[in-house]
Each structure stands twice: as C-alpha cells, then as structure tokens.
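**Q** The following block contains the structure, expressed as structure tokens.
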Protein chains: 2
Amino acid sequence: MNITITDIAKMSNVSKATVSRVINNKIGGVSQETKERILKIIQDVGYKPNLMARSIVTSETKTIGLIIPDIQNPFFPQMVRGVQDYAVSQNYTVFLCNSDSNVEKQQHYIDTFLQKRVDGLILTTSGDIYPGHAQNMYKQYNVPVVLLDRKIAGLSYNAGVFIDNIDGAYQAVSYLLKDNLTEQVAFLGGPKEVDTCAERFQGYVQAHEEKNIPIDPELVSYGEYTVESGYEMAEDLINKHGPVGRIFAASDIIAIGAIRALRKMHISIPKETEIIGFDNIGISDMIYPAITTMAQPIYDIGYIAAKKLIKLLNGEEIGQKNEILPTKLIVRETTKERYGDRE
Amino acid sequence: MNITITDIAKMSNVSKATVSRVINNKIGGVSQETKERILKIIQDVGYKPNLMARSIVTSETKTIGLIIPDIQNPFFPQMVRGVQDYAVSQNYTVFLCNSDSNVEKQQHYIDTFLQKRVDGLILTTSGDIYPGHAQNMYKQYNVPVVLLDRKIAGLSYNAGVFIDNIDGAYQAVSYLLKDNLTEQVAFLGGPKEVDTCAERFQGYVQAHEEKNIPIDPELVSYGEYTVESGYEMAEDLINKHGPVGRIFAASDIIAIGAIRALRKMHISIPKETEIIGFDNIGISDMIYPAITTMAQPIYDIGYIAAKKLIKLLNGEEIGQKNEILPTKLIVRETTKERYGDRE
DNA sequence: GTGAAAGCGCTAACAG
DNA sequence: CTGTTAGCGCTTTCAC
C-alpha cells in the first residue's frame, strides 16, 4: 500500500540494495550519478523508509522509553524536556508514560517498552521493581537502564543521575535554624517510601541533631508530591499542633499548597511562619510569596541522563556510574532575612 | 539474540504458527492442552513477542504520535494525560514531542512519526503545516489526524476537539464589563498567530462592541503563553499606559505573570485591578490571589481526542467531525464581586 | 559500482 | 487442531 524500497528500486532501474545504500548514505557505495537519480525519485514520490522494517533487521529502534510518576507535577515536564532535547538531537524518539507512582503500571509500561524493543530505558522509579522482572530486562533484552532522580534499592542499573537530597535538605533546614533558633522545624513530606523524600527527611533530622533539637513526630507529616497534599498536610499540622514558626516542605508544590492553607488560616508568611521548598520549579518565583527553595538542576538531570543512556547505547564510556548534581539554596520571600545573608 | 517465536516453537515441539495463535489468542485455534503447554514455556523463558516484527506484517504499530507546543506549559500535561489515559486503555503507546511552536520542528516530528509508522497523529498545531506535507500524510500514509485545541486554516484533518474560544472570551470580558462599566478592559494575549489567541481576541472585541466601548490598541498586547511573557506584558502595559482597572489574560499562566508584575508595582488585586484568566489550570486556585478564569475541560479534550482517533483507526463512526467542548466561568479572588453574582 | 539472495521475527492463508 | 509456506520492507553478505 505504502510506497516501498522495491518501488523505488523499480522506478530507478536499480536493485533494492542500491537504493538502500543511498538511503543510508553508505560511503563508497554508489556512483554519484545514480545516487542523485535515486534521490530525486525518492523526493518526487515522497518515499519514506519504513523504520519498523529497518529496526527488525538492525535490531535497534532509535527509541527510548521514559517513565515518570506524574506529568502533572511541574518538576517532571522540565526533566522530560531535558531528556527529549538530547534524545532528539541524537535522532531518538521517546515514549513517555506516567506510572502514577504505581508499581504495577510501571511494570506494565516497562513490559510494553520491551516488547516494542526500545533501545534503552530511563526511569524515575516508583517504588520497587519486581526483582525478577528487573533481571529479565538485563538478561534477556540487554536494555540499558538509566535511573533518574530516584534510586531504588536492589535494582541493578547502568547509570544514574541524582542530587544529594540529604545534603540539600540539611542545608535548607540548617538555614531555617540559623541565628540560634531552637524550635523544631515542621516537615511536610512526599510519600514516605519514595527515596527522595526519605533522604530529605534524613537531612532534616541531621540539621536538628546538629543543634541538639529533639524531633517531635507530631511536626512530621507525609503525603504526596502534590499541591493538594501540601494544603492538607499544612492544614492538619496547624489544626492539631497550633502555629509553627518554620516549615520545610519536601517539594515546591507541597510548599505552594501549604502556603495556600496558611493564608486561609490568616497566618502571615514569612512573618509568623517561614517556609522553604525544594526543587525550584519554574513558577516558584512567580507566585506570591515567591518561594525560598533548594534548587536542583531539573532540566540538566534529564539531559545528562539521556546523554548517559545514548553513550551506553553507543558503547562509549560514561565515566562514573552515578552522577550527583549540585543543589543550591535560593532565598526569596517565604523566609525572613537572616544574619549573614548579605556578605 | 533475543528469544524468538521460533525458539518457543522448537521448545514446544509445535510450529511457529501455533505459537503465534497462542500469543494472539486466536479463537478456536489451538487445543487447550497444547495452549497451556506453550503458555507455560513462554512464561518460563520470559519470552516477549517482538512487536516490530508483528507491526511489519500487520501494518499497525499500536502507536500514536502526539505533538504539543510546550510541555512546560501546565495546560498541556493535563491534556496529555487525557490522551495517554485513553490510549493506554486501548493498548496504544504514545510518542510525545514538543514543537516549541516551531513549524519546522513540528514538521520534523511528523516526518519521524510517519517513518516510525504511527497509526495516527494527534496535533496541537503550531502555525501552519506545509500544505504539501499535509497532503502527503493523507495520500501516502493514510494516517488519520486529530486536531486538538488549535485549528489550522487549510489543513485537512479527520477530527478535531476544541472549545469555543470566541464565546469563552466574550463571556469572560462581558463579566468584567458587568455593572455598566465602560472603561476598556486590557488584553494580554499569547502569540497573535495562534488561533486560540486570535479567537479570544475576537470574543474580547465582541464584548466591547456590544457595549459600544471603543478599543484602544494601546491596551492590547501579544506575547507568549508563558508566565514570563505575562509578566512583561503587564509591566509594559502599566509603564506605558498607567494603571488599568481590568485585565483579560488569554491564559492562566499569562495571568500569573501579570499578577506578579502588578504586585511588584504595588497595585492591589482585585481592588485596583481586576484580572481574569483562561483555562483553569490546576494551580490557578492554589496561588494567591486565586485566579478567576474561564475554565475549559483540559483533560477531556485530550481524552476525547484519543477516543476519536482510535475510533477512526477501528473504522468506527466518530459522529461529528469537530467537537466543541463547553467553557465555564469560575469566579475566584482576582475579580470583585458583581451584582448578580449571587442569585 | 551494482545485483542476487538470504534472512530479521512475525502473521496469514492454505492445506491437511 | 496443527503445520507449511509465503511474504511484510528492509539490510547485508557475497558475488560479479
């Protein structure tokens, strides 16, 4: 039905092999003159090679499978952009799926990707991957896996791009505890089982321990990385515990929800309650109050991950297996000025 | 290298055809007993059929190409979700690409998708598609195209899902002009050439005409559908023209930027300046002030589009070619209460 | 420089 | 119910 290489071959009075050589720009294959003749015909009839057919013989699809938990969390689109931009620049196309932080869905997508024979996988994991399956990926399909943003215990992978969540949270909370403050900071977390959240909690604890501030679990809550969850956690916190002086939100969108909740309760920010977020998503400096946050290089995480994956596919060296990107505190309006802020 | 249907056939002492029948669950094909035997072996060795190979013979890839202008605009992820959710439920996988509102990029992605033999295309167009190419899609590849959110003059397509932008904007601006106000509303637009923006401008004009309010072009600006652009347009507007009483922003993210700019200039919302956005993106009620906006069913747009496309692929009737989804004004904090708001 | 032929992994008649 | 065969559109030896 569609026009095929055979058609082109006939129209050009050459063999399929010759056309194939032209399409693939094989060096030293075809005389300049026949090459041009074929090219012209291809152009005229608008022939586009069937990449499926090619894939089946070359056994590479120039396709990457990318799984993220939630495309509606603004963090991920930015990361996806990074992946895509590099992938496209290297002539790859990407399948994108949302796992909804659901392990079954995630596994389903991995299966689908494997069946569609993606050349590689980039995952921001949601919970565990069934160990058996993870094994299968390697043994049978030999598909390289790059982990993004979230690590997963027990899963072997080929490369990873992360940030130092413990240190990031430690720095953020320490900033909140500057000027010899001794009152515990409240913690508004994402899902307890997600490692980024668990690590940020660790950093939070570290900062308190350093100052010998005991941690009352009443000021620690877990939810999801969503605005709504941030809203609810903050509301609950204030209702149950009363006002708090400082909040560390494990992500900016949680912070946004929390800010909204506090406003509804007529608690002024940063005067009565200070708050620090995490991620530095795009809008965090465009809403009011602009969020003080621990920035991570979101786009770069994706970009570098794609780069590592494609290096892997090309059999090149990727350097260190895990790359830890830097975080940076960005002070804005949700925190008061601190001694030593200007120097 | 990978395990193939031939391997399974040998291991099961049957022919490839029989294995194929089992894989595809052909009715009345195989005896229960051999079927189970084969299934067990498939299970044991972890065989996954090569969908590329299947595609080449069935000439369907169970893949959909989706192009959006900008995944970082929160409007689109929600729409993408709609597309994906339905597509996945019907066993399709989707390629997603950002055109960056760039026609060349868009065309490049369409070409790639065509070469990868997607079964159908869903586009939120960015500017024109080269007429010749658009033709090619139909004549040569017979790939159905569903348009989303944005129409494009001169491009033939199989189905479309839109909203009534003219009416939506008309309603929004009319709301702003209620209570016999006669001062022109300012217009903060997206790209002038994008039809959603152009139509919203039309509705804006209509609302003014109805009240015989002349339109001073100084109060009309165009930019992009980004927060930054909203910020700049609002800043420029106030700088050049002085304070304005009411603003109609062609999208919520433009509104967010504008709100930020006004705040910086110490203009209070809604007291001194009222503002209405468009879209009702997720965070529009979570920031402060919460945005009064003309809501559109973003998720549904995507979902319905996917549904239409897959109906098309199945040769089913899609009903009306163009589906126009309803919009609805949601009054929140960026506008004052109006006479007749409560009834 | 070019062609013939084989084969990638699968499905789809057609026999039996 | 099952096997044989052909062939999808392409690349890739291997000859010439």
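Residues in the structure tokens are numbered from 1 in each chain, the chains being A, B, ... in the order shown, and ligands are numbered from 1 in the order shown.
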Determine which residues of segment 89-257 of chain A receive a DSSP assignment of strand (DSSP E), computed from the backbone, and state them as an NGL selection string.
**A** :A and (93-98 or 120-123 or 145-148 or 159-163 or 186-188 or 220-221 or 246-249)
**Q** Excluding Leu312 of chain B and any residue of its chain fewer than 5 positions from it, enumerate the residues within 10 Å of it, using only C-alpha atoms (C1' of nucleotides), and give them as a list of chain:residue names.
**A**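 Here the qualifying residues turn out to be B:Gly120, B:Val143, B:Pro144, B:Val145, B:Val146, B:Asn158, B:Ala159, B:Ala306, B:Lys307, B:Glu317, B:Ile318.
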**Q** Find the residues near Leu176 of chain B: any atom within 9 Å, counting only C-alpha atoms (C1' of nucleotides), skip ones fewer than 6 places away on the same chain, and give them as a PyMOL selection string.
**A** chain B and resi 185+246-248+274-276+335+338
**Q** Residues within 12 Å of DA5 of chain C, please, as a ChimeraX atom specification. Count only C-alpha atoms (C1' of nucleotides); anything in the same chain fewer than 6 positions from it doesn't count.
**A** /A:15-17 /D:12-15
**Q** Set the distance at 8 Å and use only C-alpha atoms (C1' of nucleotides): which residues neighbour Ile3 of chain B once local chain neighbours fewer than 2 positions away are removed? I'd like the list as a list in words.
**A**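 The residues that qualify are Gln140 of chain A; Met1, Ile5, Asp7, Ile8, Tyr47 and Lys48 of chain B.
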**Q** The selected residues should be written to file as an mmCIF file, in the first residue's frame (atoms: C-alpha atoms).
**A**
data_model
loop_
_atom_site.group_PDB
_atom_site.id
_atom_site.type_symbol
_atom_site.label_atom_id
_atom_site.label_comp_id
_atom_site.auth_asym_id
_atom_site.auth_seq_id
_atom_site.Cartn_x
_atom_site.Cartn_y
_atom_site.Cartn_z
ATOM 1 C CA GLN A 140 17.063 -11.190 28.000
ATOM 2 C CA MET B 1 19.999 -12.908 20.226
ATOM 3 C CA ILE B 5 8.869 -17.310 18.300
ATOM 4 C CA ASP B 7 12.681 -20.796 19.753
ATOM 5 C CA ILE B 8 9.388 -21.197 21.523
ATOM 6 C CA TYR B 47 9.533 -14.638 26.005
ATOM 7 C CA LYS B 48 8.092 -11.360 24.783
#
**Q** Within 10 Å of chain C, which residues of chain B come that close, and what is the closest atom pair and distance in Å for each? Count only C-alpha atoms (C1' of nucleotides) and give it as a tab-separated table.
**A**
residue	atom	partner	partner_atom	distance
B:Ile3	CA	C:DG9	C1'	9.9
B:Thr4	CA	C:DG9	C1'	6.7
B:Ile5	CA	C:DG9	C1'	7.1
B:Thr6	CA	C:DG9	C1'	8.2
B:Lys16	CA	C:DC10	C1'	9.0
B:Ala17	CA	C:DT11	C1'	8.0
B:Ser20	CA	C:DT11	C1'	7.5
B:Arg21	CA	C:DT11	C1'	9.2
B:Asn24	CA	C:DT11	C1'	9.8
B:Pro49	CA	C:DG9	C1'	8.4
B:Asn50	CA	C:DG9	C1'	6.7
B:Leu51	CA	C:DC10	C1'	8.3
B:Met52	CA	C:DG9	C1'	8.2
B:Ala53	CA	C:DC10	C1'	5.0
B:Arg54	CA	C:DC10	C1'	4.9
B:Ser55	CA	C:DC10	C1'	8.3
B:Ile56	CA	C:DC10	C1'	8.0
B:Val57	CA	C:DT11	C1'	6.2
B:Thr58	CA	C:DT11	C1'	7.1
**Q** Please provide the set of residues having any atom within 12 Å of Pro326 of chain B, restricted to only C-alpha atoms (C1' of nucleotides), with same-chain residues fewer than 3 positions apart removed, written as a ChimeraX atom specification.
**A** /B:161-168,171,279,294-298,300-301,323,329
**Q** For the residues selected in the previous step, produce a file with C-alpha atoms as a CSV table (one decimal), in the first residue's frame.
**A**
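As written to disk, result_19.csv reads:
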chain,number,residue,atom,x,y,z
B,161,VAL,CA,-11.6,18.7,19.6
B,162,PHE,CA,-11.9,22.3,20.5
B,163,ILE,CA,-13.6,24.8,22.7
B,164,ASP,CA,-15.5,27.9,21.7
B,165,ASN,CA,-12.7,30.5,22.3
B,166,ILE,CA,-14.7,33.4,21.0
B,167,ASP,CA,-17.6,32.8,23.2
B,168,GLY,CA,-15.4,32.0,26.2
B,171,GLN,CA,-18.3,35.7,28.4
B,279,ASP,CA,-8.0,27.6,31.1
B,294,MET,CA,-12.7,30.7,32.1
B,295,ALA,CA,-12.3,27.0,32.6
B,296,GLN,CA,-12.0,24.5,29.8
B,297,PRO,CA,-12.2,20.8,30.3
B,298,ILE,CA,-8.5,20.3,29.6
B,300,ASP,CA,-11.4,15.8,28.5
B,301,ILE,CA,-10.1,17.5,25.4
B,323,GLU,CA,-16.4,18.5,18.9
B,329,LEU,CA,-16.5,30.9,34.2
**Q** Give the residues of chain D that lie within 8 Å of chain A; count only C-alpha atoms (C1' of nucleotides), and format the answer as a PDB file with N, CA and C atoms (P, O5', C5', C4', C3', O3' and C1' of nucleotides), in the first residue's frame.
**A**
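And here is the file that came out, selection.pdb:
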ATOM      1  P    DG D   9       5.441  -4.010   2.112  1.00  0.00           P
ATOM      2  O5'  DG D   9       6.835  -3.451   2.622  1.00  0.00           O
ATOM      3  C5'  DG D   9       6.890  -2.716   3.833  1.00  0.00           C
ATOM      4  C4'  DG D   9       8.340  -2.528   4.215  1.00  0.00           C
ATOM      5  C3'  DG D   9       9.203  -1.928   3.107  1.00  0.00           C
ATOM      6  O3'  DG D   9       9.924  -0.849   3.670  1.00  0.00           O
ATOM      7  C1'  DG D   9      10.172  -3.916   3.937  1.00  0.00           C
ATOM      8  P    DC D  10      10.994  -0.037   2.839  1.00  0.00           P
ATOM      9  O5'  DC D  10      12.328  -0.707   3.367  1.00  0.00           O
ATOM     10  C5'  DC D  10      12.758  -0.390   4.684  1.00  0.00           C
ATOM     11  C4'  DC D  10      13.721  -1.427   5.183  1.00  0.00           C
ATOM     12  C3'  DC D  10      15.132  -1.346   4.621  1.00  0.00           C
ATOM     13  O3'  DC D  10      15.898  -0.492   5.458  1.00  0.00           O
ATOM     14  C1'  DC D  10      14.367  -3.609   4.888  1.00  0.00           C
ATOM     15  P    DT D  11      17.352  -0.066   4.990  1.00  0.00           P
ATOM     16  O5'  DT D  11      18.203  -1.345   5.396  1.00  0.00           O
ATOM     17  C5'  DT D  11      18.382  -1.641   6.779  1.00  0.00           C
ATOM     18  C4'  DT D  11      19.237  -2.879   6.928  1.00  0.00           C
ATOM     19  C3'  DT D  11      20.706  -2.713   6.519  1.00  0.00           C
ATOM     20  O3'  DT D  11      21.452  -3.410   7.514  1.00  0.00           O
ATOM     21  C1'  DT D  11      19.768  -4.524   5.344  1.00  0.00           C
TER      22       DT D  11
END
